[in-house]
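Inspection log for the structure reproduced underneath, given as structure tokens.
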Amino acid sequence: MYNKPVFYDSDCLVCFLVINQCDILQELFSKIIVPLTVKEEILNPRTPDIIKNNFNKLVEIGFVEIREIVYGTYEFDFYDSIKTKNFQKNKLPIGDGEAAVITLGYINKGIVASNNLSDVMDYVKKYGLNLITTSFILAMAYEQNIKTEKELNEIWNKMVDKGRKRSLPKVKSFTDYYSNMYIKDSEFMGYQ
């Protein structure tokens, strides 16, 4: 899994940016890829400075690569088909960032990093994509001895305190997630 390119949606990346915990990502991955649409979401004028500053630092050191989906290419056609055609009837189109990470993940045989399961899950299944979420990344950090269980519980609480509760599973702590959901997530996401 670690040798595949990882394409981040804003909801997943912001969880780490907002609490200054990008070191976890840097320990786990040699680089991450952010679609241009996601970069624009993150650098929106309404985005808190801490998020923008941390993101810009990662770009400056070359850890974050920005990838544009260029009009007139196969990537653009694939992206456009996701944006304009509903995968299931009576379902709203997915967001630009989600469509971009699915497109890039599919075409580049990579991993989609997103917490927005309602938008991405149908496409992940349809195209056989690998998926990781914020909680799954925290579990990876635990298993790689990057952070202790205590540290990860503190990180979990900081994410909740900074308004990222909807990006995490509906459990109280990292310990609860790891004990009760991680194995199932690993199987579901195709890593066991």
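Residue numbers start at 1 in each chain; chains themselves are named A, B, ... in the order of the structure tokens; ligands are numbered from 1 in the order shown.
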
Next item on the list: Please provide the set of residues having any atom within 12 Å of Ala139 in chain A, restricted to only C-alpha atoms, with same-chain residues fewer than 6 positions apart removed, written as a ChimeraX atom specification.
Entry: /A:24-25,28,132-133,145-149,151-153,155-156,173-183,185-186

Notebook entry, point to check: Please, which residues of chain A, numbered as in this document, come out strand (DSSP E or B) from DSSP, as number ranges by chain?
Noted result: A: 6-8, 32-35, 64-67, 111-113, 130-132

What does the file look like for those residues with N, CA, C and O atoms, as a PDB file, in the first residue's frame?
ATOM      1  N   VAL A   6      -1.038   8.447  -3.218  1.00  0.00           N
ATOM      2  CA  VAL A   6      -2.194   8.737  -2.372  1.00  0.00           C
ATOM      3  C   VAL A   6      -2.746  10.099  -2.749  1.00  0.00           C
ATOM      4  O   VAL A   6      -2.026  11.098  -2.744  1.00  0.00           O
ATOM      5  N   PHE A   7      -4.045  10.129  -3.071  1.00  0.00           N
ATOM      6  CA  PHE A   7      -4.719  11.344  -3.528  1.00  0.00           C
ATOM      7  C   PHE A   7      -5.681  11.815  -2.438  1.00  0.00           C
ATOM      8  O   PHE A   7      -6.641  11.129  -2.103  1.00  0.00           O
ATOM      9  N   TYR A   8      -5.395  12.998  -1.889  1.00  0.00           N
ATOM     10  CA  TYR A   8      -6.123  13.504  -0.726  1.00  0.00           C
ATOM     11  C   TYR A   8      -7.252  14.453  -1.091  1.00  0.00           C
ATOM     12  O   TYR A   8      -7.066  15.401  -1.840  1.00  0.00           O
ATOM     13  N   ILE A  32       2.312  13.133  -0.808  1.00  0.00           N
ATOM     14  CA  ILE A  32       0.889  12.979  -1.079  1.00  0.00           C
ATOM     15  C   ILE A  32       0.536  13.877  -2.254  1.00  0.00           C
ATOM     16  O   ILE A  32       1.237  14.850  -2.542  1.00  0.00           O
ATOM     17  N   ILE A  33      -0.552  13.527  -2.922  1.00  0.00           N
ATOM     18  CA  ILE A  33      -0.961  14.278  -4.105  1.00  0.00           C
ATOM     19  C   ILE A  33      -2.324  14.899  -3.838  1.00  0.00           C
ATOM     20  O   ILE A  33      -3.235  14.226  -3.354  1.00  0.00           O
ATOM     21  N   VAL A  34      -2.429  16.165  -4.167  1.00  0.00           N
ATOM     22  CA  VAL A  34      -3.658  16.927  -3.951  1.00  0.00           C
ATOM     23  C   VAL A  34      -4.114  17.464  -5.298  1.00  0.00           C
ATOM     24  O   VAL A  34      -3.359  18.184  -5.967  1.00  0.00           O
ATOM     25  N   PRO A  35      -5.342  17.122  -5.707  1.00  0.00           N
ATOM     26  CA  PRO A  35      -5.862  17.712  -6.946  1.00  0.00           C
ATOM     27  C   PRO A  35      -5.955  19.234  -6.815  1.00  0.00           C
ATOM     28  O   PRO A  35      -6.158  19.762  -5.715  1.00  0.00           O
ATOM     29  N   VAL A  64       3.754  17.783  -0.603  1.00  0.00           N
ATOM     30  CA  VAL A  64       2.475  17.812  -1.320  1.00  0.00           C
ATOM     31  C   VAL A  64       2.733  18.181  -2.770  1.00  0.00           C
ATOM     32  O   VAL A  64       3.362  19.195  -3.062  1.00  0.00           O
ATOM     33  N   GLU A  65       2.244  17.334  -3.652  1.00  0.00           N
ATOM     34  CA  GLU A  65       2.291  17.603  -5.088  1.00  0.00           C
ATOM     35  C   GLU A  65       0.882  17.995  -5.528  1.00  0.00           C
ATOM     36  O   GLU A  65      -0.086  17.318  -5.172  1.00  0.00           O
ATOM     37  N   ILE A  66       0.776  19.066  -6.281  1.00  0.00           N
ATOM     38  CA  ILE A  66      -0.517  19.507  -6.801  1.00  0.00           C
ATOM     39  C   ILE A  66      -0.676  18.918  -8.199  1.00  0.00           C
ATOM     40  O   ILE A  66       0.213  19.041  -9.035  1.00  0.00           O
ATOM     41  N   ARG A  67      -1.822  18.302  -8.448  1.00  0.00           N
ATOM     42  CA  ARG A  67      -2.067  17.678  -9.747  1.00  0.00           C
ATOM     43  C   ARG A  67      -3.329  18.285 -10.360  1.00  0.00           C
ATOM     44  O   ARG A  67      -4.404  18.241  -9.771  1.00  0.00           O
ATOM     45  N   ILE A 111      -4.473   5.405  -4.203  1.00  0.00           N
ATOM     46  CA  ILE A 111      -5.316   5.329  -3.016  1.00  0.00           C
ATOM     47  C   ILE A 111      -6.077   6.647  -2.875  1.00  0.00           C
ATOM     48  O   ILE A 111      -5.503   7.719  -3.038  1.00  0.00           O
ATOM     49  N   VAL A 112      -7.351   6.555  -2.545  1.00  0.00           N
ATOM     50  CA  VAL A 112      -8.184   7.719  -2.272  1.00  0.00           C
ATOM     51  C   VAL A 112      -8.189   7.941  -0.763  1.00  0.00           C
ATOM     52  O   VAL A 112      -8.481   7.028   0.010  1.00  0.00           O
ATOM     53  N   ALA A 113      -7.837   9.151  -0.337  1.00  0.00           N
ATOM     54  CA  ALA A 113      -7.862   9.526   1.077  1.00  0.00           C
ATOM     55  C   ALA A 113      -9.015  10.498   1.275  1.00  0.00           C
ATOM     56  O   ALA A 113      -8.935  11.661   0.884  1.00  0.00           O
ATOM     57  N   ASN A 130      -8.552   1.566  -3.607  1.00  0.00           N
ATOM     58  CA  ASN A 130      -8.195   1.525  -2.193  1.00  0.00           C
ATOM     59  C   ASN A 130      -8.598   2.851  -1.575  1.00  0.00           C
ATOM     60  O   ASN A 130      -8.512   3.893  -2.213  1.00  0.00           O
ATOM     61  N   LEU A 131      -9.006   2.790  -0.310  1.00  0.00           N
ATOM     62  CA  LEU A 131      -9.483   3.966   0.408  1.00  0.00           C
ATOM     63  C   LEU A 131      -8.824   4.010   1.772  1.00  0.00           C
ATOM     64  O   LEU A 131      -8.648   2.964   2.409  1.00  0.00           O
ATOM     65  N   ILE A 132      -8.455   5.204   2.205  1.00  0.00           N
ATOM     66  CA  ILE A 132      -8.054   5.418   3.593  1.00  0.00           C
ATOM     67  C   ILE A 132      -8.796   6.644   4.118  1.00  0.00           C
ATOM     68  O   ILE A 132      -9.170   7.526   3.355  1.00  0.00           O
TER      69      ILE A 132
END

Item checked: Separation of CA of Val38 in chain A from CA of Leu17 in chain A in Å ->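 Result for CA of Leu17 in chain A versus CA of Val38 in chain A: 13.5 Å, one decimal.
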
Note to self: Using only C-alpha atoms, can you tell me which of A:Tyr71, A:Tyr106, A:Phe16, A:Tyr127 comes closest to Asn54 in chain A?
What the structure shows: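 Between A:Tyr71, A:Tyr106, A:Phe16, A:Tyr127, the residue approaching Asn54 in chain A most closely is A:Phe16.
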
Item checked: Nearest-residue call for Pro169 in chain A, choices A:Lys184, A:Ile137, A:Asn115, A:Val18, using only C-alpha atoms ->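 For Pro169 in chain A, the nearest of the candidates is A:Asn115.
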
Checklist line | Contacts of Ile102 in chain A at 12 Å (only C-alpha atoms; same-chain gap of 4+ positions) as an MDAnalysis selection string | finding: chainID A and resid 6:9 34:35 69 75:76 78:83 94:98 106:114 116:117 119:131

Prev. selection, C-alpha atoms, output as a PDB file, in the first residue's frame:
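That gives us result_11.pdb:
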ATOM      1  CA  VAL A   6      -2.194   8.737  -2.372  1.00  0.00           C
ATOM      2  CA  PHE A   7      -4.719  11.344  -3.528  1.00  0.00           C
ATOM      3  CA  TYR A   8      -6.123  13.504  -0.726  1.00  0.00           C
ATOM      4  CA  ASP A   9      -9.512  15.115  -0.484  1.00  0.00           C
ATOM      5  CA  VAL A  34      -3.658  16.927  -3.951  1.00  0.00           C
ATOM      6  CA  PRO A  35      -5.862  17.712  -6.946  1.00  0.00           C
ATOM      7  CA  ILE A  69      -6.896  17.575 -14.306  1.00  0.00           C
ATOM      8  CA  GLU A  75      -8.558  12.304 -16.992  1.00  0.00           C
ATOM      9  CA  PHE A  76     -10.828  15.274 -17.625  1.00  0.00           C
ATOM     10  CA  PHE A  78     -13.447  10.645 -16.646  1.00  0.00           C
ATOM     11  CA  TYR A  79     -13.773  13.449 -14.066  1.00  0.00           C
ATOM     12  CA  ASP A  80     -16.514  15.122 -16.088  1.00  0.00           C
ATOM     13  CA  SER A  81     -18.464  11.872 -16.368  1.00  0.00           C
ATOM     14  CA  ILE A  82     -18.398  11.492 -12.578  1.00  0.00           C
ATOM     15  CA  LYS A  83     -19.512  15.092 -12.096  1.00  0.00           C
ATOM     16  CA  ILE A  94     -20.471  14.429  -5.667  1.00  0.00           C
ATOM     17  CA  GLY A  95     -18.193  17.340  -4.873  1.00  0.00           C
ATOM     18  CA  ASP A  96     -15.378  18.540  -7.106  1.00  0.00           C
ATOM     19  CA  GLY A  97     -12.661  17.364  -4.703  1.00  0.00           C
ATOM     20  CA  GLU A  98     -14.186  13.922  -4.296  1.00  0.00           C
ATOM     21  CA  TYR A 106      -8.492   5.295 -10.619  1.00  0.00           C
ATOM     22  CA  ILE A 107      -6.301   6.413 -13.504  1.00  0.00           C
ATOM     23  CA  ASN A 108      -3.071   6.227 -11.491  1.00  0.00           C
ATOM     24  CA  LYS A 109      -3.931   3.013  -9.603  1.00  0.00           C
ATOM     25  CA  GLY A 110      -3.638   4.902  -6.355  1.00  0.00           C
ATOM     26  CA  ILE A 111      -5.316   5.329  -3.016  1.00  0.00           C
ATOM     27  CA  VAL A 112      -8.184   7.719  -2.272  1.00  0.00           C
ATOM     28  CA  ALA A 113      -7.862   9.526   1.077  1.00  0.00           C
ATOM     29  CA  SER A 114     -11.305  10.812   2.027  1.00  0.00           C
ATOM     30  CA  ASN A 116     -16.681  11.679   2.836  1.00  0.00           C
ATOM     31  CA  LEU A 117     -17.857   8.097   2.498  1.00  0.00           C
ATOM     32  CA  ASP A 119     -19.761  10.653  -1.795  1.00  0.00           C
ATOM     33  CA  VAL A 120     -16.879   8.298  -2.537  1.00  0.00           C
ATOM     34  CA  MET A 121     -17.933   4.811  -1.443  1.00  0.00           C
ATOM     35  CA  ASP A 122     -20.026   3.889  -4.496  1.00  0.00           C
ATOM     36  CA  TYR A 123     -17.159   4.868  -6.782  1.00  0.00           C
ATOM     37  CA  VAL A 124     -14.535   3.144  -4.628  1.00  0.00           C
ATOM     38  CA  LYS A 125     -16.545  -0.064  -4.956  1.00  0.00           C
ATOM     39  CA  LYS A 126     -17.332   0.394  -8.639  1.00  0.00           C
ATOM     40  CA  TYR A 127     -13.710   1.035  -9.638  1.00  0.00           C
ATOM     41  CA  GLY A 128     -12.010  -1.232  -7.085  1.00  0.00           C
ATOM     42  CA  LEU A 129     -10.099   1.624  -5.461  1.00  0.00           C
ATOM     43  CA  ASN A 130      -8.195   1.525  -2.193  1.00  0.00           C
ATOM     44  CA  LEU A 131      -9.483   3.966   0.408  1.00  0.00           C
TER      45      LEU A 131
END

Residue neighbourhood range 40-46 of chain A, 8 Å, only C-alpha atoms, exclusion window fewer than 2 positions, as a PDB file with all heavy atoms, in the first residue's frame:
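To be explicit, this is the file written out as result-v7.pdb:
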ATOM      1  N   SER A  10      -9.920  17.230   0.647  1.00  0.00           N
ATOM      2  CA  SER A  10      -9.683  18.237   1.683  1.00  0.00           C
ATOM      3  C   SER A  10     -10.132  17.773   3.061  1.00  0.00           C
ATOM      4  O   SER A  10      -9.462  18.045   4.057  1.00  0.00           O
ATOM      5  CB  SER A  10     -10.344  19.567   1.319  1.00  0.00           C
ATOM      6  OG  SER A  10     -11.733  19.406   1.168  1.00  0.00           O
ATOM      7  N   VAL A  14      -7.324  18.186   5.933  1.00  0.00           N
ATOM      8  CA  VAL A  14      -7.540  19.285   6.878  1.00  0.00           C
ATOM      9  C   VAL A  14      -7.507  18.796   8.325  1.00  0.00           C
ATOM     10  O   VAL A  14      -7.071  19.518   9.220  1.00  0.00           O
ATOM     11  CB  VAL A  14      -8.855  20.034   6.556  1.00  0.00           C
ATOM     12  CG1 VAL A  14      -9.303  20.931   7.698  1.00  0.00           C
ATOM     13  CG2 VAL A  14      -8.675  20.850   5.281  1.00  0.00           C
ATOM     14  N   LEU A  36      -5.823  19.918  -7.937  1.00  0.00           N
ATOM     15  CA  LEU A  36      -5.913  21.382  -7.937  1.00  0.00           C
ATOM     16  C   LEU A  36      -7.209  21.863  -7.293  1.00  0.00           C
ATOM     17  O   LEU A  36      -7.200  22.849  -6.545  1.00  0.00           O
ATOM     18  CB  LEU A  36      -5.789  21.912  -9.371  1.00  0.00           C
ATOM     19  CG  LEU A  36      -5.814  23.428  -9.534  1.00  0.00           C
ATOM     20  CD1 LEU A  36      -4.674  24.088  -8.777  1.00  0.00           C
ATOM     21  CD2 LEU A  36      -5.770  23.805 -11.010  1.00  0.00           C
ATOM     22  N   THR A  37      -8.310  21.187  -7.538  1.00  0.00           N
ATOM     23  CA  THR A  37      -9.591  21.601  -6.943  1.00  0.00           C
ATOM     24  C   THR A  37      -9.543  21.530  -5.418  1.00  0.00           C
ATOM     25  O   THR A  37     -10.121  22.374  -4.737  1.00  0.00           O
ATOM     26  CB  THR A  37     -10.760  20.738  -7.457  1.00  0.00           C
ATOM     27  OG1 THR A  37     -10.488  19.370  -7.178  1.00  0.00           O
ATOM     28  CG2 THR A  37     -11.004  20.919  -8.922  1.00  0.00           C
ATOM     29  N   VAL A  38      -8.845  20.544  -4.876  1.00  0.00           N
ATOM     30  CA  VAL A  38      -8.710  20.426  -3.424  1.00  0.00           C
ATOM     31  C   VAL A  38      -7.816  21.541  -2.895  1.00  0.00           C
ATOM     32  O   VAL A  38      -8.102  22.146  -1.859  1.00  0.00           O
ATOM     33  CB  VAL A  38      -8.189  19.027  -3.035  1.00  0.00           C
ATOM     34  CG1 VAL A  38      -7.818  18.963  -1.562  1.00  0.00           C
ATOM     35  CG2 VAL A  38      -9.230  17.968  -3.380  1.00  0.00           C
ATOM     36  N   PRO A  48      -9.276  28.953   7.737  1.00  0.00           N
ATOM     37  CA  PRO A  48      -8.395  29.484   8.788  1.00  0.00           C
ATOM     38  C   PRO A  48      -6.922  29.470   8.364  1.00  0.00           C
ATOM     39  O   PRO A  48      -6.461  28.557   7.673  1.00  0.00           O
ATOM     40  CB  PRO A  48      -8.638  28.530   9.969  1.00  0.00           C
ATOM     41  CG  PRO A  48     -10.007  27.975   9.726  1.00  0.00           C
ATOM     42  CD  PRO A  48     -10.143  27.872   8.222  1.00  0.00           C
ATOM     43  N   ILE A  51      -4.580  26.333   8.709  1.00  0.00           N
ATOM     44  CA  ILE A  51      -4.731  25.304   7.672  1.00  0.00           C
ATOM     45  C   ILE A  51      -3.959  25.710   6.425  1.00  0.00           C
ATOM     46  O   ILE A  51      -3.188  24.922   5.869  1.00  0.00           O
ATOM     47  CB  ILE A  51      -6.222  25.063   7.361  1.00  0.00           C
ATOM     48  CG1 ILE A  51      -6.920  24.461   8.589  1.00  0.00           C
ATOM     49  CG2 ILE A  51      -6.397  24.177   6.123  1.00  0.00           C
ATOM     50  CD1 ILE A  51      -8.435  24.401   8.488  1.00  0.00           C
ATOM     51  N   LYS A  52      -4.163  26.951   5.983  1.00  0.00           N
ATOM     52  CA  LYS A  52      -3.472  27.427   4.777  1.00  0.00           C
ATOM     53  C   LYS A  52      -1.956  27.441   4.973  1.00  0.00           C
ATOM     54  O   LYS A  52      -1.212  27.008   4.088  1.00  0.00           O
ATOM     55  CB  LYS A  52      -3.979  28.823   4.391  1.00  0.00           C
ATOM     56  CG  LYS A  52      -5.422  28.819   3.898  1.00  0.00           C
ATOM     57  CD  LYS A  52      -5.837  30.153   3.353  1.00  0.00           C
ATOM     58  CE  LYS A  52      -6.158  31.122   4.434  1.00  0.00           C
ATOM     59  NZ  LYS A  52      -6.880  32.314   3.964  1.00  0.00           N
ATOM     60  N   PHE A  55      -0.550  23.890   5.011  1.00  0.00           N
ATOM     61  CA  PHE A  55      -0.618  23.338   3.658  1.00  0.00           C
ATOM     62  C   PHE A  55       0.505  23.914   2.788  1.00  0.00           C
ATOM     63  O   PHE A  55       1.224  23.168   2.117  1.00  0.00           O
ATOM     64  CB  PHE A  55      -1.986  23.641   3.030  1.00  0.00           C
ATOM     65  CG  PHE A  55      -2.116  23.128   1.626  1.00  0.00           C
ATOM     66  CD1 PHE A  55      -2.373  21.789   1.385  1.00  0.00           C
ATOM     67  CD2 PHE A  55      -1.982  23.976   0.538  1.00  0.00           C
ATOM     68  CE1 PHE A  55      -2.489  21.292   0.093  1.00  0.00           C
ATOM     69  CE2 PHE A  55      -2.089  23.504  -0.760  1.00  0.00           C
ATOM     70  CZ  PHE A  55      -2.350  22.154  -0.981  1.00  0.00           C
TER      71      PHE A  55
END

Margin query: Could you go through range 13-157 of chain A and tell me which residues DSSP, when run on the backbone, assigns to alpha helix (DSSP H), listing them as a PyMOL selection string?
Written below: chain A and resi 13-17+22-28+36-42+49-60+74-84+96-107+117-127+134-143+149-157

Next item on the list: Point out the residue among A:Gln144, A:Glu60, A:Gly105, A:Ser118 with the least atom-to-atom distance to Phe29 in chain A, counting only C-alpha atoms.
Entry: A:Gln144
